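Quick look at model-v5.cif (mmCIF, C-alpha atoms):
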data_input
#
loop_
_atom_site.label_atom_id
_atom_site.label_comp_id
_atom_site.auth_asym_id
_atom_site.auth_seq_id
_atom_site.Cartn_x
_atom_site.Cartn_y
_atom_site.Cartn_z
CA MET A 1 -21.12 -10.80 -3.78
CA THR A 2 -22.65 -7.38 -3.27
CA GLU A 3 -23.33 -4.34 -5.46
CA ASN A 4 -20.02 -2.88 -6.64
CA GLY A 5 -20.53 0.84 -6.24
CA MET A 6 -16.83 1.43 -7.00
CA GLY A 7 -17.23 -0.19 -10.45
CA THR A 8 -13.74 -1.68 -10.11
CA HIS A 9 -11.52 -3.54 -7.69
CA VAL A 10 -8.28 -3.23 -9.70
CA VAL A 11 -5.72 -1.24 -7.72
CA THR A 12 -3.45 0.91 -9.92
CA GLN A 13 -1.34 2.95 -7.49
CA ILE A 14 0.27 2.64 -4.08
CA ALA A 15 1.23 6.13 -2.90
CA VAL A 16 3.79 7.01 -0.25
CA VAL A 17 4.05 10.52 1.21
CA VAL A 18 7.65 11.62 1.84
CA LYS A 19 9.51 14.61 3.24
CA ASP A 20 12.35 14.60 0.72
CA MET A 21 11.54 13.51 -2.83
CA ASP A 22 15.16 13.29 -4.01
CA LYS A 23 16.15 11.08 -1.08
CA ALA A 24 13.12 8.79 -1.60
CA ILE A 25 13.78 8.46 -5.35
CA GLU A 26 17.42 7.62 -4.63
CA ALA A 27 16.37 4.84 -2.19
CA TYR A 28 13.68 3.28 -4.44
CA SER A 29 16.00 3.39 -7.44
CA ARG A 30 18.82 1.71 -5.49
CA ILE A 31 16.69 -1.01 -3.86
CA PHE A 32 14.60 -1.96 -6.92
CA GLY A 33 17.24 -1.30 -9.57
CA LEU A 34 14.90 1.03 -11.44
CA PRO A 35 15.81 4.21 -13.36
CA LYS A 36 15.10 7.48 -11.56
CA PRO A 37 11.78 8.95 -12.76
CA ASP A 38 11.18 12.62 -13.55
CA VAL A 39 9.65 14.68 -10.77
CA MET A 40 6.39 16.45 -11.68
CA LEU A 41 5.02 19.50 -9.91
CA THR A 42 1.21 19.64 -9.66
CA ASP A 43 -0.47 22.71 -11.15
CA PRO A 44 -2.43 24.44 -8.36
CA THR A 45 -3.99 27.01 -10.71
CA ASN A 46 -5.74 24.50 -12.95
CA ALA A 47 -6.42 21.90 -10.24
CA HIS A 48 -9.44 23.82 -8.85
CA ALA A 49 -8.87 21.69 -5.77
CA THR A 50 -10.92 21.61 -2.59
CA TYR A 51 -9.64 20.22 0.71
CA ARG A 52 -12.29 19.46 3.31
CA GLY A 53 -14.76 21.60 1.35
CA VAL A 54 -12.55 24.69 1.07
CA PRO A 55 -10.64 25.78 -2.07
CA THR A 56 -6.90 25.21 -1.71
CA ASN A 57 -3.79 26.16 -3.67
CA ALA A 58 -2.07 22.99 -2.47
CA GLN A 59 0.87 21.82 -4.51
CA ALA A 60 2.96 18.65 -4.42
CA LYS A 61 5.90 17.03 -6.14
CA LEU A 62 5.05 13.62 -7.66
CA ALA A 63 7.16 10.79 -9.06
CA PHE A 64 6.18 7.31 -10.24
CA PHE A 65 7.94 3.92 -10.32
CA HIS A 66 6.28 1.09 -12.27
CA LEU A 67 6.05 -1.92 -9.92
CA GLY A 68 4.76 -4.25 -12.64
CA ASP A 69 2.16 -3.66 -15.38
CA GLN A 70 -0.79 -3.04 -13.05
CA VAL A 71 0.57 -0.89 -10.27
CA ASP A 72 2.66 2.27 -9.93
CA LEU A 73 4.39 3.35 -6.74
CA GLU A 74 3.68 7.07 -6.41
CA LEU A 75 5.88 9.28 -4.27
CA ILE A 76 4.29 12.51 -2.99
CA GLU A 77 6.12 15.40 -1.36
CA PRO A 78 3.77 18.21 -0.27
CA VAL A 79 5.16 21.62 -1.26
CA VAL A 80 2.68 24.31 -0.17
CA GLY A 81 -0.96 24.72 0.89
CA ASP A 82 -3.48 22.81 2.94
CA SER A 83 -3.90 19.28 1.63
CA VAL A 84 -4.51 15.70 2.61
CA TRP A 85 -0.87 15.09 1.64
CA GLN A 86 0.41 17.54 4.29
CA GLU A 87 -2.25 16.34 6.77
CA VAL A 88 -1.08 12.73 6.61
CA LEU A 89 2.60 13.69 6.74
CA ASP A 90 1.98 15.89 9.81
CA LYS A 91 -0.14 13.27 11.60
CA LYS A 92 1.69 10.07 10.79
CA GLY A 93 5.01 10.94 9.18
CA GLU A 94 6.30 9.30 6.02
CA GLY A 95 4.34 6.24 4.92
CA VAL A 96 1.64 4.85 2.68
CA HIS A 97 -0.80 7.64 1.86
CA HIS A 98 -3.43 5.87 -0.26
CA ILE A 99 -4.14 3.22 -2.85
CA ALA A 100 -5.75 4.33 -6.12
CA PHE A 101 -8.38 2.99 -8.52
CA GLN A 102 -9.39 4.09 -12.04
CA ILE A 103 -13.11 4.72 -11.92
CA LYS A 104 -15.87 6.05 -14.20
CA GLY A 105 -18.46 8.54 -12.96
CA THR A 106 -16.92 10.20 -9.92
CA ASP A 107 -20.23 11.58 -8.60
CA GLY A 108 -21.89 8.16 -8.64
CA VAL A 109 -18.95 6.58 -6.82
CA THR A 110 -18.66 9.31 -4.19
CA ASP A 111 -22.45 9.06 -3.60
CA PHE A 112 -22.09 5.31 -3.06
CA LEU A 113 -19.15 5.83 -0.70
CA ASP A 114 -20.96 8.62 1.18
CA ARG A 115 -23.92 6.29 1.74
CA ASN A 116 -21.42 3.81 3.18
CA GLY A 117 -19.97 6.32 5.63
CA ILE A 118 -16.94 7.27 3.52
CA PRO A 119 -16.95 11.04 2.80
CA THR A 120 -14.76 12.92 0.33
CA ILE A 121 -11.68 14.68 1.76
CA GLN A 122 -10.03 16.33 -1.24
CA GLN A 123 -10.89 16.64 -4.90
CA GLY A 124 -9.15 18.32 -7.83
CA GLN A 125 -8.29 18.13 -11.50
CA TYR A 126 -5.22 17.20 -13.48
CA THR A 127 -4.68 17.41 -17.23
CA GLY A 128 -7.24 15.04 -18.71
CA GLY A 129 -8.97 13.97 -15.52
CA MET A 130 -9.86 14.39 -11.89
CA TYR A 131 -8.89 12.84 -8.55
CA THR A 132 -10.83 12.32 -5.32
CA TYR A 133 -9.47 11.25 -1.92
CA VAL A 134 -12.02 9.64 0.41
CA ASP A 135 -11.90 8.99 4.14
CA SER A 136 -11.98 5.19 3.99
CA GLU A 137 -9.26 4.69 6.60
CA PRO A 138 -11.62 4.07 9.57
CA GLN A 139 -13.32 1.22 7.67
CA LEU A 140 -10.59 -0.14 5.37
CA GLY A 141 -7.39 0.85 7.20
CA VAL A 142 -6.22 2.74 4.12
CA MET A 143 -7.28 5.85 2.20
CA LEU A 144 -8.63 5.35 -1.33
CA GLU A 145 -8.06 7.66 -4.28
CA LEU A 146 -10.50 7.64 -7.19
CA LEU A 147 -8.95 8.59 -10.54
CA GLU A 148 -11.21 9.42 -13.47
CA ASN A 149 -9.68 10.08 -16.85
CA PHE A 150 -12.07 12.09 -19.03
CA ASP A 151 -13.13 10.45 -22.28
CA GLN A 152 -11.10 12.00 -25.11
CA ASP A 153 -13.99 11.45 -27.55
CA ALA A 154 -16.70 12.93 -25.36
CA MET B 1 19.62 1.87 -13.69
CA THR B 2 21.45 0.16 -10.85
CA GLU B 3 22.04 -3.43 -9.75
CA ASN B 4 18.71 -5.05 -8.83
CA GLY B 5 19.51 -6.95 -5.67
CA MET B 6 15.81 -7.66 -5.13
CA GLY B 7 15.61 -9.50 -8.47
CA THR B 8 12.10 -8.11 -9.01
CA HIS B 9 10.11 -4.92 -8.83
CA VAL B 10 6.66 -6.50 -9.29
CA VAL B 11 4.53 -5.89 -6.21
CA THR B 12 2.14 -8.76 -5.44
CA GLN B 13 0.52 -7.85 -2.10
CA ILE B 14 -0.63 -4.82 -0.17
CA ALA B 15 -1.17 -5.85 3.45
CA VAL B 16 -3.29 -4.05 6.03
CA VAL B 17 -3.11 -4.91 9.73
CA VAL B 18 -6.50 -4.81 11.47
CA LYS B 19 -7.95 -5.31 14.94
CA ASP B 20 -11.10 -7.11 13.86
CA MET B 21 -10.86 -9.41 10.83
CA ASP B 22 -14.61 -9.97 10.47
CA LYS B 23 -15.34 -6.25 10.48
CA ALA B 24 -12.58 -5.53 7.94
CA ILE B 25 -13.75 -8.32 5.61
CA GLU B 26 -17.31 -6.98 5.83
CA ALA B 27 -16.13 -3.47 4.85
CA TYR B 28 -13.90 -4.56 1.94
CA SER B 29 -16.58 -6.88 0.62
CA ARG B 30 -19.22 -4.13 0.75
CA ILE B 31 -17.09 -1.36 -0.79
CA PHE B 32 -15.51 -3.42 -3.58
CA GLY B 33 -18.43 -5.76 -4.23
CA LEU B 34 -16.20 -8.79 -3.73
CA PRO B 35 -17.14 -12.14 -2.15
CA LYS B 36 -15.97 -12.66 1.42
CA PRO B 37 -12.76 -14.72 1.47
CA ASP B 38 -12.00 -17.54 3.89
CA VAL B 39 -9.97 -16.63 6.95
CA MET B 40 -6.76 -18.63 7.43
CA LEU B 41 -4.95 -19.08 10.71
CA THR B 42 -1.15 -19.23 10.46
CA ASP B 43 0.52 -22.35 11.86
CA PRO B 44 2.96 -21.26 14.59
CA THR B 45 4.36 -24.77 15.09
CA ASN B 46 5.61 -25.22 11.54
CA ALA B 47 6.47 -21.56 10.90
CA HIS B 48 9.77 -21.77 12.84
CA ALA B 49 9.48 -18.00 12.99
CA THR B 50 11.94 -15.54 14.48
CA TYR B 51 11.02 -11.97 15.42
CA ARG B 52 13.95 -9.60 15.94
CA GLY B 53 16.25 -12.61 16.19
CA VAL B 54 14.25 -14.50 18.84
CA PRO B 55 12.01 -17.54 18.16
CA THR B 56 8.32 -16.66 18.43
CA ASN B 57 5.04 -18.56 18.49
CA ALA B 58 3.30 -15.63 16.84
CA GLN B 59 0.03 -16.38 15.14
CA ALA B 60 -2.24 -14.30 12.91
CA LYS B 61 -5.49 -14.53 11.00
CA LEU B 62 -5.08 -13.82 7.27
CA ALA B 63 -7.55 -13.14 4.46
CA PHE B 64 -6.98 -12.11 0.83
CA PHE B 65 -8.96 -10.06 -1.70
CA HIS B 66 -7.79 -10.09 -5.33
CA LEU B 67 -7.45 -6.46 -6.44
CA GLY B 68 -6.69 -7.36 -10.06
CA ASP B 69 -4.46 -10.09 -11.51
CA GLN B 70 -1.19 -8.80 -10.07
CA VAL B 71 -2.00 -7.72 -6.54
CA ASP B 72 -3.82 -9.14 -3.53
CA LEU B 73 -5.01 -7.09 -0.59
CA GLU B 74 -4.01 -9.07 2.52
CA LEU B 75 -5.75 -8.48 5.83
CA ILE B 76 -3.78 -9.45 8.95
CA GLU B 77 -5.16 -9.72 12.47
CA PRO B 78 -2.51 -10.63 15.05
CA VAL B 79 -3.77 -13.35 17.42
CA VAL B 80 -0.99 -14.20 19.88
CA GLY B 81 2.77 -13.86 20.34
CA ASP B 82 5.42 -11.24 19.62
CA SER B 83 5.41 -10.27 15.97
CA VAL B 84 5.90 -7.42 13.56
CA TRP B 85 2.13 -7.60 13.00
CA GLN B 86 1.39 -6.80 16.69
CA GLU B 87 4.27 -4.30 16.78
CA VAL B 88 2.85 -2.22 13.92
CA LEU B 89 -0.71 -2.42 15.28
CA ASP B 90 0.48 -1.28 18.73
CA LYS B 91 2.64 1.55 17.36
CA LYS B 92 0.50 2.90 14.56
CA GLY B 93 -2.94 1.33 14.78
CA GLU B 94 -4.76 -0.15 11.82
CA GLY B 95 -3.19 0.61 8.46
CA VAL B 96 -0.92 -0.56 5.67
CA HIS B 97 1.56 -3.04 7.13
CA HIS B 98 3.76 -3.90 4.13
CA ILE B 99 3.93 -4.48 0.40
CA ALA B 100 5.17 -7.88 -0.80
CA PHE B 101 7.34 -9.20 -3.62
CA GLN B 102 7.93 -12.75 -4.89
CA ILE B 103 11.68 -13.31 -4.81
CA LYS B 104 14.19 -16.10 -5.44
CA GLY B 105 17.09 -16.75 -3.05
CA THR B 106 16.09 -15.15 0.24
CA ASP B 107 19.63 -15.14 1.66
CA GLY B 108 21.03 -13.28 -1.33
CA VAL B 109 18.27 -10.68 -1.18
CA THR B 110 18.51 -10.15 2.58
CA ASP B 111 22.33 -9.79 2.21
CA PHE B 112 21.79 -7.11 -0.46
CA LEU B 113 19.25 -5.31 1.71
CA ASP B 114 21.48 -5.56 4.80
CA ARG B 115 24.31 -3.94 2.84
CA ASN B 116 21.87 -1.15 2.00
CA GLY B 117 20.93 -0.55 5.63
CA ILE B 118 17.73 -2.60 5.60
CA PRO B 119 17.89 -5.39 8.24
CA THR B 120 15.53 -8.34 8.62
CA ILE B 121 12.80 -8.00 11.28
CA GLN B 122 10.88 -11.27 11.10
CA GLN B 123 11.25 -14.48 9.14
CA GLY B 124 9.25 -17.70 9.02
CA GLN B 125 7.88 -20.48 6.90
CA TYR B 126 4.52 -21.34 5.41
CA THR B 127 3.49 -24.46 3.50
CA GLY B 128 5.67 -24.40 0.37
CA GLY B 129 7.72 -21.33 1.12
CA MET B 130 9.14 -18.72 3.45
CA TYR B 131 8.54 -15.05 4.24
CA THR B 132 10.83 -12.27 5.42
CA TYR B 133 9.88 -8.81 6.69
CA VAL B 134 12.60 -6.16 6.40
CA ASP B 135 12.96 -2.76 8.03
CA SER B 136 12.73 -0.67 4.87
CA GLU B 137 10.37 1.93 6.33
CA PRO B 138 13.06 4.52 7.21
CA GLN B 139 14.29 4.55 3.59
CA LEU B 140 11.18 3.67 1.55
CA GLY B 141 8.34 4.79 3.83
CA VAL B 142 6.89 1.27 3.75
CA MET B 143 7.89 -2.16 5.00
CA LEU B 144 8.72 -4.81 2.39
CA GLU B 145 7.93 -8.50 2.63
CA LEU B 146 9.94 -11.01 0.62
CA LEU B 147 8.01 -14.16 -0.33
CA GLU B 148 9.92 -17.17 -1.67
CA ASN B 149 7.99 -20.18 -2.87
CA PHE B 150 10.18 -23.27 -2.85
CA ASP B 151 10.69 -25.02 -6.18
CA GLN B 152 8.40 -28.06 -6.29
CA ASP B 153 10.85 -29.90 -8.57
CA ALA B 154 13.96 -29.20 -6.51
#

Write the structure described by the file as structure tokens, please.
Amino acid sequence: MTENGMGTHVVTQIAVVVKDMDKAIEAYSRIFGLPKPDVMLTDPTNAHATYRGVPTNAQAKLAFFHLGDQVDLELIEPVVGDSVWQEVLDKKGEGVHHIAFQIKGTDGVTDFLDRNGIPTIQQGQYTGGMYTYVDSEPQLGVMLELLENFDQDA
Amino acid sequence: MTENGMGTHVVTQIAVVVKDMDKAIEAYSRIFGLPKPDVMLTDPTNAHATYRGVPTNAQAKLAFFHLGDQVDLELIEPVVGDSVWQEVLDKKGEGVHHIAFQIKGTDGVTDFLDRNGIPTIQQGQYTGGMYTYVDSEPQLGVMLELLENFDQDA
């Protein structure tokens, strides 16, 4: 057992990047017998996102299937702008994009990961929280996403 | 809502294929603060495995980290023989190999998937059960594994 700089090991999302959201939703719904979820469009104006250190107006379509109580399957279709979503789709085609974890204290976790050779790739905000993608693939074989929901009472 | 030919939508494993099991275990243990798991070697003699319809003596090292109560992270290092593990490593390098589901009635599920354009790639046995990998990547962006544990009372 070592220091747990992540503060958690409970995975909450498996994300798949796709070219055609409607087609992917149709396939997941048919194979798993699940209702078709709504498609959300990320808000590039309020995301204040940076991709590889540079501000970006990147936008994506998102949809979520609940694969049990712990884990959601997230579908991501990049729409516009430079992003790690488009980067992965261009480099590797459709496939698993990342696995996500709910964390507390993004700066502390990204410092820990940096010290372990895992730099931040993209960071941005969503309503009520922020997300961070880190370049863990060389060490772990998969990208991690850190999700931090801001304390409502803070 | 459609027919659920899978019989479940609860994901139980995220598997990553790696070149060097010891190195991968070291990295996961360090980043997530988890104890190092034992490494298991699959038993090719009793697996009675077939890969793309042909019997194979494929063997792999396996290790599991619990990422919460629902989901394990499985590391796979192919050792010898033709297998979907070696195939994915050769084609795409280290990365997510599949996500797994505990099912009942493998034949019924593989029939349903076949009818939906998702053929079986590899099938074999382990102590107390059997596994099936199916070619769902073109439709879902990720390979599925079906795990069926045999009823102890049957």

Taking into account only C-alpha atoms, which residue in the set B:Lys61, B:Gly141, B:Pro35, B:Asn149 is nearest to Met21 of chain A? B:Gly141

Determine the residue membership of the PyMOL selection byres ((chain A) within 6 of (chain B)) for the file above and supply it as a short mmCIF file (atom, residue, chain, number, x, y, z; two decimals) with C-alpha atoms, in the coordinates of the input.
data_model
loop_
_atom_site.label_atom_id
_atom_site.label_comp_id
_atom_site.auth_asym_id
_atom_site.auth_seq_id
_atom_site.Cartn_x
_atom_site.Cartn_y
_atom_site.Cartn_z
CA MET A 1 -21.12 -10.80 -3.78
CA THR A 2 -22.65 -7.38 -3.27
CA GLU A 3 -23.33 -4.34 -5.46
CA ASN A 4 -20.02 -2.88 -6.64
CA HIS A 9 -11.52 -3.54 -7.69
CA VAL A 10 -8.28 -3.23 -9.70
CA VAL A 11 -5.72 -1.24 -7.72
CA PHE A 32 14.60 -1.96 -6.92
CA GLY A 33 17.24 -1.30 -9.57
CA LEU A 34 14.90 1.03 -11.44
CA PRO A 35 15.81 4.21 -13.36
CA LEU A 67 6.05 -1.92 -9.92
CA GLY A 68 4.76 -4.25 -12.64
CA GLU A 94 6.30 9.30 6.02
CA GLY A 95 4.34 6.24 4.92
CA GLY A 141 -7.39 0.85 7.20
CA VAL A 142 -6.22 2.74 4.12
#

Do you have the atom CA of Tyr126 of chain A-atom CA of Thr45 of chain A distance handy? 10.3 Å

Please identify all polymer residues within 7 Å of Leu62 of chain A, counting all atoms listed in the file, omitting same-chain residues fewer than 3 positions from it, and present them as a PyMOL selection string. chain A and resi 39-41+74-77

What is the distance, in Å and to one decimal place, between atom CA of Leu89 of chain B and atom CA of Thr106 of chain B? 25.9 Å

How many Å separate atom CA of Tyr51 of chain B from atom CA of Glu148 of chain B? 17.9 Å

Residue nearest Gly128 of chain B among B:Leu146, B:Pro55, B:Pro78, B:Asp151 (counting only C-alpha atoms):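 Counting only C-alpha atoms, the residue closest to Gly128 of chain B is B:Asp151.
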
The PyMOL selection byres ((chain B and resi 43) around 9) resolved against shown file, as an MDAnalysis selection string: chainID B and resid 41:42 44:47 57:60 126
